[in-house]
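Shown next, in structure tokens, is the structure this report addresses.
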Amino acid sequence: MRVGVLGGTGPAGSAVAVRLASAGVEAVIGSRSADKARDVVEELRHRWGGRSLPLVAGDNSSAAEADLVVLATPWEGAVTTARDLAAELSGKVLVSMVNAMARWGDRFVPLLPPTGSVAVAVARAVPGSRVVGAFHHLPAGPLGDLDHELRADVMVFSDDRAAGDEVIALIGKVPGLRGISVGGLGSGLAVEALTAALVEVNRRYKTHASLLVTGIE
Ligand SMILES: NC(=O)c1ccc[n+]([C@@H]2O[C@H](COP(=O)([O-])OP(=O)(O)OC[C@H]3O[C@@H](n4cnc5c(N)ncnc54)[C@H](OP(=O)(O)O)[C@@H]3O)[C@@H](O)[C@H]2O)c1
């Protein structure tokens with residue numbers, strides 16, 4: 001399977017790409033600029049020189065041609081990015097990891113999109129795609145550090161149960177991660193908004209917190 005990452009040059013998208021690549025999944029780092037993507041892939045190859053990671057650079061359009069695509073842009077650009085690539089994304093699983101938040105004084109707070117969540121806004125922009133939400137709570141630093149041992153659950157939500165299961169299976173390829181279904185796109189509001197609270201945890205305790213759900217064998 002080949003996974004494309006839109007906005008894959010940022011810390012979050014490149015971390016997802018590098019982790020999946022470390023699990024043997026070919027990952028295309030996409031960007032609005034193919035040159036920028038090439039530079040990022042070169043940096044990642046240099047950083048992880050000892051490992052032969054299956055990473056490819058491309059523009060967002062070529063990343064959208066992958067079998068499964070991850071949307072990793074800031075919230076301001078998420079809907080436009082997906083909509084511009086609606087044809088390439090048609091029929092595919094599109095994973096939104098996008099959180100909408102802002103700084104309010106010295107705190108981070110969630111922003112509530114009129115659709116309730118960014119994932120729903122993206123799903124409306126690309127009705128031909130199978131939109132899934134995942135990866136919102138994984139801090140990019142530890143995720144992108146292949147020397148860091150992960151132990152986290154990833155909340156996965158989608159109105160398309162089979163698409164959600166595909167993403168849970170993909171997450172399961174990464175040692176230390178477990179995908180947990182938390183329902184349909186309506187859960188996006190809770191999942192995305194919780195991220196701002198986790199950012200506050202990180203600031204307060206000077207850590208990189210993630211979540212573990214208890215009670216599921
Ligand atoms: N950082 C984290 O720890 C983390 C963890 C989980 C989820 N997330 C979520 O993942 C997303 C990406 O986070 P990030 O920290 O990697 O963000 P970022 O660095 O600000 O942006 C990621 C990439 O998106 C592209 N981009 C920037 N503005 C854009 C726009 N207006 N339209 C289209 N593309 C644009 C840029 O790539 P090009 O210039 O190369 O196109 C940029 O490198 C966010 O929605 C965030 O909430 C972040």
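Labeling convention for the structure tokens: chains A, B, ... as they appear, residues from 1 per chain, ligands from 1 in order of appearance.
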Contact check, chain A to ligand 1, at most 7 Å, counting only C-alpha atoms and all ligand atoms, closest pairs as a tab-separated table:
residue	atom	partner	partner_atom_place_in_ligand_line	distance
A:Gly7	CA	ligand 1	24 (O)	3.8
A:Gly8	CA	ligand 1	23 (C)	5.9
A:Thr9	CA	ligand 1	43 (O)	4.3
A:Gly10	CA	ligand 1	16 (O)	3.5
A:Pro11	CA	ligand 1	16 (O)	4.0
A:Ala12	CA	ligand 1	16 (O)	3.7
A:Gly13	CA	ligand 1	16 (O)	5.4
A:Gly30	CA	ligand 1	40 (O)	6.9
A:Ser31	CA	ligand 1	40 (O)	3.7
A:Arg32	CA	ligand 1	41 (O)	3.7
A:Ser33	CA	ligand 1	40 (O)	5.7
A:Lys36	CA	ligand 1	40 (O)	5.8
A:Ala37	CA	ligand 1	40 (O)	6.2
A:Ala72	CA	ligand 1	11 (C)	4.2
A:Thr73	CA	ligand 1	24 (O)	3.7
A:Pro74	CA	ligand 1	45 (O)	3.8
A:Trp75	CA	ligand 1	45 (O)	4.9
A:Glu76	CA	ligand 1	31 (N)	5.5
A:Gly77	CA	ligand 1	32 (N)	3.5
A:Ala78	CA	ligand 1	33 (C)	6.3
A:Thr81	CA	ligand 1	33 (C)	5.6
A:Met97	CA	ligand 1	7 (C)	5.2
A:Val98	CA	ligand 1	45 (O)	3.3
A:Asn99	CA	ligand 1	47 (O)	3.7
A:Ala100	CA	ligand 1	47 (O)	6.1
A:Phe135	CA	ligand 1	6 (C)	5.8
A:His136	CA	ligand 1	7 (C)	4.2
A:His137	CA	ligand 1	6 (C)	5.2
A:Leu138	CA	ligand 1	6 (C)	5.0
A:Pro139	CA	ligand 1	3 (O)	3.8
A:Ala140	CA	ligand 1	3 (O)	3.7
A:Gly141	CA	ligand 1	3 (O)	6.5
Could you please take those selected residues and save C-alpha atoms as a CSV table (one decimal), in the first residue's frame?
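The new file again.csv reads:
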chain,number,residue,atom,x,y,z
A,7,GLY,CA,0.9,19.0,3.7
A,8,GLY,CA,3.4,16.2,4.5
A,9,THR,CA,6.3,18.7,4.8
A,10,GLY,CA,5.1,19.9,8.3
A,11,PRO,CA,6.0,18.2,11.5
A,12,ALA,CA,2.7,16.3,11.8
A,13,GLY,CA,2.5,15.0,8.2
A,30,GLY,CA,3.2,15.9,-0.6
A,31,SER,CA,3.5,19.7,-0.6
A,32,ARG,CA,2.2,22.7,-2.6
A,33,SER,CA,5.8,22.7,-3.8
A,36,LYS,CA,10.0,21.7,-0.8
A,37,ALA,CA,8.9,18.0,-0.5
A,72,ALA,CA,-2.1,17.1,7.3
A,73,THR,CA,-2.4,20.8,6.6
A,74,PRO,CA,-3.4,23.5,9.1
A,75,TRP,CA,-7.2,23.8,9.5
A,76,GLU,CA,-7.3,27.1,7.5
A,77,GLY,CA,-6.1,25.2,4.4
A,78,ALA,CA,-7.7,21.8,4.9
A,81,THR,CA,-6.7,21.5,-0.2
A,97,MET,CA,-5.7,14.6,11.2
A,98,VAL,CA,-6.6,18.3,11.2
A,99,ASN,CA,-7.4,20.1,14.5
A,100,ALA,CA,-8.8,23.6,14.6
A,135,PHE,CA,-4.0,10.8,14.4
A,136,HIS,CA,-5.3,14.0,16.0
A,137,HIS,CA,-3.7,13.4,19.4
A,138,LEU,CA,-0.3,12.1,18.5
A,139,PRO,CA,2.3,14.7,19.1
A,140,ALA,CA,4.6,15.1,16.1
A,141,GLY,CA,7.8,15.1,18.0
If you count only C-alpha atoms, which residues fall within 10 Å of A:Glu65, apart from same-chain ones fewer than 4 positions away, as a short mmCIF file (atom, residue, chain, number, x, y, z; two decimals) with N, CA and C atoms, in the first residue's frame?
data_model
loop_
_atom_site.label_atom_id
_atom_site.label_comp_id
_atom_site.auth_asym_id
_atom_site.auth_seq_id
_atom_site.Cartn_x
_atom_site.Cartn_y
_atom_site.Cartn_z
N ARG A 2 0.42 2.26 -0.75
CA ARG A 2 1.12 3.55 -0.78
C ARG A 2 0.22 4.59 -0.11
N VAL A 3 0.79 5.32 0.83
CA VAL A 3 0.04 6.37 1.53
C VAL A 3 0.59 7.73 1.13
N GLY A 4 -0.29 8.63 0.74
CA GLY A 4 0.13 10.00 0.40
C GLY A 4 -0.23 10.94 1.53
N VAL A 28 4.28 8.93 0.46
CA VAL A 28 4.58 10.07 -0.41
C VAL A 28 4.39 11.34 0.40
N ASN A 60 1.24 17.89 -3.84
CA ASN A 60 0.05 17.33 -3.21
C ASN A 60 -0.75 16.49 -4.19
N SER A 61 -0.72 16.90 -5.46
CA SER A 61 -1.49 16.16 -6.46
C SER A 61 -0.95 14.73 -6.62
N VAL A 69 -4.92 8.44 1.54
CA VAL A 69 -4.33 9.78 1.63
C VAL A 69 -4.61 10.38 3.01
N LEU A 85 -8.39 18.75 -4.84
CA LEU A 85 -7.92 17.42 -5.28
C LEU A 85 -9.06 16.40 -5.31
N ALA A 87 -10.97 15.21 -7.50
CA ALA A 87 -10.96 14.19 -8.56
C ALA A 87 -9.99 13.06 -8.20
N GLU A 88 -8.78 13.44 -7.79
CA GLU A 88 -7.76 12.43 -7.44
C GLU A 88 -8.20 11.62 -6.21
N LEU A 89 -8.95 12.28 -5.32
CA LEU A 89 -9.32 11.64 -4.04
C LEU A 89 -10.62 10.83 -4.14
N SER A 90 -11.25 10.92 -5.28
CA SER A 90 -12.55 10.27 -5.42
C SER A 90 -12.46 8.76 -5.18
N LYS A 92 -11.47 7.26 -2.62
CA LYS A 92 -10.38 6.84 -1.72
C LYS A 92 -10.68 7.16 -0.26
#
### Message
I'd like the contact shell of A:Leu53 - 9 Å cut-off, only C-alpha atoms, skipping same-chain residues fewer than 6 positions apart - returned as number ranges by chain.
### Response
A: 18, 21-27, 44-45
Go ahead and write the residues just picked, N, CA and C atoms, as a PDB file, in the first residue's frame.
ATOM      1  N   VAL A  18       6.963   9.203   8.151  1.00  0.00           N
ATOM      2  CA  VAL A  18       8.195   8.511   8.538  1.00  0.00           C
ATOM      3  C   VAL A  18       7.870   7.277   9.396  1.00  0.00           C
ATOM      4  N   ALA A  21       6.500   4.673   7.072  1.00  0.00           N
ATOM      5  CA  ALA A  21       7.619   4.153   6.269  1.00  0.00           C
ATOM      6  C   ALA A  21       8.473   3.195   7.097  1.00  0.00           C
ATOM      7  N   SER A  22       8.633   3.508   8.385  1.00  0.00           N
ATOM      8  CA  SER A  22       9.447   2.629   9.244  1.00  0.00           C
ATOM      9  C   SER A  22       8.763   1.275   9.432  1.00  0.00           C
ATOM     10  N   ALA A  23       7.433   1.245   9.189  1.00  0.00           N
ATOM     11  CA  ALA A  23       6.693  -0.017   9.286  1.00  0.00           C
ATOM     12  C   ALA A  23       6.560  -0.666   7.907  1.00  0.00           C
ATOM     13  N   GLY A  24       7.296  -0.146   6.934  1.00  0.00           N
ATOM     14  CA  GLY A  24       7.324  -0.775   5.605  1.00  0.00           C
ATOM     15  C   GLY A  24       6.264  -0.263   4.646  1.00  0.00           C
ATOM     16  N   VAL A  25       5.528   0.783   5.034  1.00  0.00           N
ATOM     17  CA  VAL A  25       4.484   1.332   4.156  1.00  0.00           C
ATOM     18  C   VAL A  25       5.097   2.459   3.330  1.00  0.00           C
ATOM     19  N   GLU A  26       4.992   2.385   2.018  1.00  0.00           N
ATOM     20  CA  GLU A  26       5.542   3.456   1.178  1.00  0.00           C
ATOM     21  C   GLU A  26       4.744   4.740   1.404  1.00  0.00           C
ATOM     22  N   ALA A  27       5.428   5.834   1.633  1.00  0.00           N
ATOM     23  CA  ALA A  27       4.738   7.088   1.940  1.00  0.00           C
ATOM     24  C   ALA A  27       5.226   8.203   1.020  1.00  0.00           C
ATOM     25  N   LEU A  44      14.900  13.926   5.880  1.00  0.00           N
ATOM     26  CA  LEU A  44      14.472  12.733   6.623  1.00  0.00           C
ATOM     27  C   LEU A  44      15.399  11.556   6.318  1.00  0.00           C
ATOM     28  N   ARG A  45      15.824  11.431   5.048  1.00  0.00           N
ATOM     29  CA  ARG A  45      16.745  10.340   4.686  1.00  0.00           C
ATOM     30  C   ARG A  45      18.067  10.523   5.412  1.00  0.00           C
TER      31      ARG A  45
END
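Counting from atom CA of A:Gly186, the distance to atom CA of A:Leu150 is 27.7 Å.
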### Residue with smallest distance to A:Ala163 - pool A:Val191, A:Val213, A:Val40, A:Leu68, counting only C-alpha atoms
A:Leu68
Taking the chain letters and numbering used in this document, name the residues of stretch 20-191 of chain A that DSSP puts in alpha helix (DSSP H), as a PDB file with C-alpha atoms, in the first residue's frame.
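Listed below is the output, part36.pdb:
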ATOM      1  CA  LEU A  20       4.471   4.452   8.385  1.00  0.00           C
ATOM      2  CA  ALA A  21       7.619   4.153   6.269  1.00  0.00           C
ATOM      3  CA  SER A  22       9.447   2.629   9.244  1.00  0.00           C
ATOM      4  CA  ALA A  34       7.468  19.565  -5.140  1.00  0.00           C
ATOM      5  CA  ASP A  35      10.904  21.137  -4.454  1.00  0.00           C
ATOM      6  CA  LYS A  36      10.030  21.660  -0.795  1.00  0.00           C
ATOM      7  CA  ALA A  37       8.859  18.042  -0.535  1.00  0.00           C
ATOM      8  CA  ARG A  38      12.155  16.865  -2.068  1.00  0.00           C
ATOM      9  CA  ASP A  39      14.123  18.881   0.516  1.00  0.00           C
ATOM     10  CA  VAL A  40      12.085  17.422   3.377  1.00  0.00           C
ATOM     11  CA  VAL A  41      12.512  13.866   2.120  1.00  0.00           C
ATOM     12  CA  GLU A  42      16.260  14.471   1.775  1.00  0.00           C
ATOM     13  CA  GLU A  43      16.411  15.760   5.369  1.00  0.00           C
ATOM     14  CA  LEU A  44      14.472  12.733   6.623  1.00  0.00           C
ATOM     15  CA  ARG A  45      16.745  10.340   4.686  1.00  0.00           C
ATOM     16  CA  HIS A  46      19.749  12.090   6.189  1.00  0.00           C
ATOM     17  CA  ARG A  47      18.294  11.949   9.727  1.00  0.00           C
ATOM     18  CA  ASN A  60       0.046  17.334  -3.211  1.00  0.00           C
ATOM     19  CA  SER A  61      -1.486  16.159  -6.455  1.00  0.00           C
ATOM     20  CA  SER A  62       0.888  13.201  -6.748  1.00  0.00           C
ATOM     21  CA  ALA A  63       0.450  12.398  -3.048  1.00  0.00           C
ATOM     22  CA  TRP A  75      -7.174  23.843   9.504  1.00  0.00           C
ATOM     23  CA  GLU A  76      -7.270  27.055   7.473  1.00  0.00           C
ATOM     24  CA  GLY A  77      -6.122  25.209   4.361  1.00  0.00           C
ATOM     25  CA  ALA A  78      -7.748  21.810   4.869  1.00  0.00           C
ATOM     26  CA  VAL A  79     -11.032  22.215   3.011  1.00  0.00           C
ATOM     27  CA  THR A  80      -9.476  24.020   0.034  1.00  0.00           C
ATOM     28  CA  THR A  81      -6.665  21.486  -0.231  1.00  0.00           C
ATOM     29  CA  ALA A  82      -9.098  18.557  -0.252  1.00  0.00           C
ATOM     30  CA  ARG A  83     -11.575  20.256  -2.591  1.00  0.00           C
ATOM     31  CA  ASP A  84      -8.855  21.115  -5.137  1.00  0.00           C
ATOM     32  CA  ALA A  86     -11.468  16.034  -5.270  1.00  0.00           C
ATOM     33  CA  ALA A  87     -10.965  14.188  -8.555  1.00  0.00           C
ATOM     34  CA  GLU A  88      -7.757  12.429  -7.438  1.00  0.00           C
ATOM     35  CA  LEU A  89      -9.324  11.636  -4.041  1.00  0.00           C
ATOM     36  CA  VAL A 118     -12.925  19.959  10.390  1.00  0.00           C
ATOM     37  CA  ALA A 119     -13.474  16.316   9.410  1.00  0.00           C
ATOM     38  CA  VAL A 120     -17.129  16.989   8.595  1.00  0.00           C
ATOM     39  CA  ALA A 121     -16.202  20.115   6.612  1.00  0.00           C
ATOM     40  CA  VAL A 122     -13.683  18.058   4.633  1.00  0.00           C
ATOM     41  CA  ALA A 123     -16.227  15.273   4.060  1.00  0.00           C
ATOM     42  CA  ARG A 124     -18.666  17.843   2.645  1.00  0.00           C
ATOM     43  CA  ALA A 125     -15.953  19.250   0.375  1.00  0.00           C
ATOM     44  CA  ALA A 140       4.563  15.104  16.074  1.00  0.00           C
ATOM     45  CA  GLY A 141       7.850  15.119  18.011  1.00  0.00           C
ATOM     46  CA  PRO A 142       7.761  11.595  19.453  1.00  0.00           C
ATOM     47  CA  LEU A 143       5.828  10.260  16.452  1.00  0.00           C
ATOM     48  CA  GLY A 144       8.547  11.414  14.079  1.00  0.00           C
ATOM     49  CA  ARG A 161     -17.123   1.620   8.858  1.00  0.00           C
ATOM     50  CA  ALA A 162     -15.002  -0.294   6.334  1.00  0.00           C
ATOM     51  CA  ALA A 163     -12.871   2.803   5.706  1.00  0.00           C
ATOM     52  CA  GLY A 164     -12.379   3.249   9.459  1.00  0.00           C
ATOM     53  CA  ASP A 165     -11.355  -0.399   9.743  1.00  0.00           C
ATOM     54  CA  GLU A 166      -8.782   0.070   6.946  1.00  0.00           C
ATOM     55  CA  VAL A 167      -7.257   2.939   8.884  1.00  0.00           C
ATOM     56  CA  ILE A 168      -7.270   0.922  12.122  1.00  0.00           C
ATOM     57  CA  ALA A 169      -5.439  -1.865  10.271  1.00  0.00           C
ATOM     58  CA  LEU A 170      -2.900   0.634   8.902  1.00  0.00           C
ATOM     59  CA  ILE A 171      -2.297   2.055  12.392  1.00  0.00           C
ATOM     60  CA  GLY A 188     -14.956  14.538  15.245  1.00  0.00           C
ATOM     61  CA  LEU A 189     -16.143  17.472  17.337  1.00  0.00           C
ATOM     62  CA  ALA A 190     -15.083  15.766  20.576  1.00  0.00           C
ATOM     63  CA  VAL A 191     -11.859  14.288  19.230  1.00  0.00           C
TER      64      VAL A 191
END
#### Entry: Of the listed residues A:Ile29, A:Ala64, A:Leu111, A:Leu212, that which approaches A:Val95 most closely, counting only C-alpha atoms
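The answer is A:Ala64, which sits nearest to A:Val95.
Taking atom CA of A:Asp67 and atom CA of A:Pro54 as endpoints, the distance between them is 14.9 Å.
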#### Entry: Interatomic distance, atom CA of A:Ala193 to atom CA of A:Ser117 (Å, one decimal)
8.4 Å
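Distances to A:Ser96 were evaluated for A:Leu146, A:Leu55, A:Val132, A:Leu211 using only C-alpha atoms, and the minimum falls at A:Val132.
For A:Phe108, the residues within 10 Å (counting only C-alpha atoms, excluding itself and residues fewer than 5 positions away along the chain) are Met101, Ala102, Arg103, Thr195, Ala196, Ala197, Leu198, Val199, Glu200 and Arg203 of chain A.
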### DSSP-assigned strand (DSSP E) among stretch 80-147 of chain A, expressed as a PyMOL selection string
chain A and resi 93-96+101-104+107-110+130-133
For the residues in the current selection, export N, CA and C atoms as a tab-separated table (two decimals), in the first residue's frame.
chain	number	residue	atom	x	y	z
A	93	VAL	N	-9.96	6.45	0.60
A	93	VAL	CA	-9.98	6.80	2.02
A	93	VAL	C	-9.12	8.04	2.20
A	94	LEU	N	-9.71	9.08	2.77
A	94	LEU	CA	-9.00	10.33	3.07
A	94	LEU	C	-9.03	10.52	4.58
A	95	VAL	N	-7.86	10.48	5.20
A	95	VAL	CA	-7.77	10.59	6.66
A	95	VAL	C	-7.47	12.03	7.04
A	96	SER	N	-8.38	12.65	7.78
A	96	SER	CA	-8.10	14.00	8.29
A	96	SER	C	-7.50	13.88	9.68
A	101	MET	N	-7.62	24.97	16.22
A	101	MET	CA	-7.43	25.58	17.55
A	101	MET	C	-6.75	26.93	17.40
A	102	ALA	N	-6.78	27.70	18.46
A	102	ALA	CA	-6.17	29.02	18.42
A	102	ALA	C	-5.61	29.34	19.79
A	103	ARG	N	-4.73	30.31	19.80
A	103	ARG	CA	-4.20	30.80	21.08
A	103	ARG	C	-5.13	31.87	21.61
A	104	TRP	N	-5.56	31.73	22.84
A	104	TRP	CA	-6.48	32.68	23.47
A	104	TRP	C	-5.77	33.16	24.72
A	107	ARG	N	-3.46	30.64	26.58
A	107	ARG	CA	-4.00	29.27	26.50
A	107	ARG	C	-4.28	28.87	25.05
A	108	PHE	N	-4.24	27.55	24.81
A	108	PHE	CA	-4.72	27.04	23.53
A	108	PHE	C	-6.17	26.58	23.70
A	109	VAL	N	-7.02	26.99	22.79
A	109	VAL	CA	-8.43	26.62	22.89
A	109	VAL	C	-8.89	26.04	21.56
A	110	PRO	N	-9.88	25.11	21.63
A	110	PRO	CA	-10.39	24.57	20.36
A	110	PRO	C	-11.27	25.60	19.66
A	130	ARG	N	-13.98	8.73	1.03
A	130	ARG	CA	-14.37	8.02	2.26
A	130	ARG	C	-13.57	8.64	3.41
A	131	VAL	N	-14.15	9.65	4.05
A	131	VAL	CA	-13.38	10.44	5.02
A	131	VAL	C	-13.37	9.76	6.39
A	132	VAL	N	-12.16	9.71	6.94
A	132	VAL	CA	-11.91	9.11	8.25
A	132	VAL	C	-11.12	10.13	9.07
A	133	GLY	N	-11.37	10.21	10.35
A	133	GLY	CA	-10.54	11.05	11.23
A	133	GLY	C	-9.61	10.16	12.04
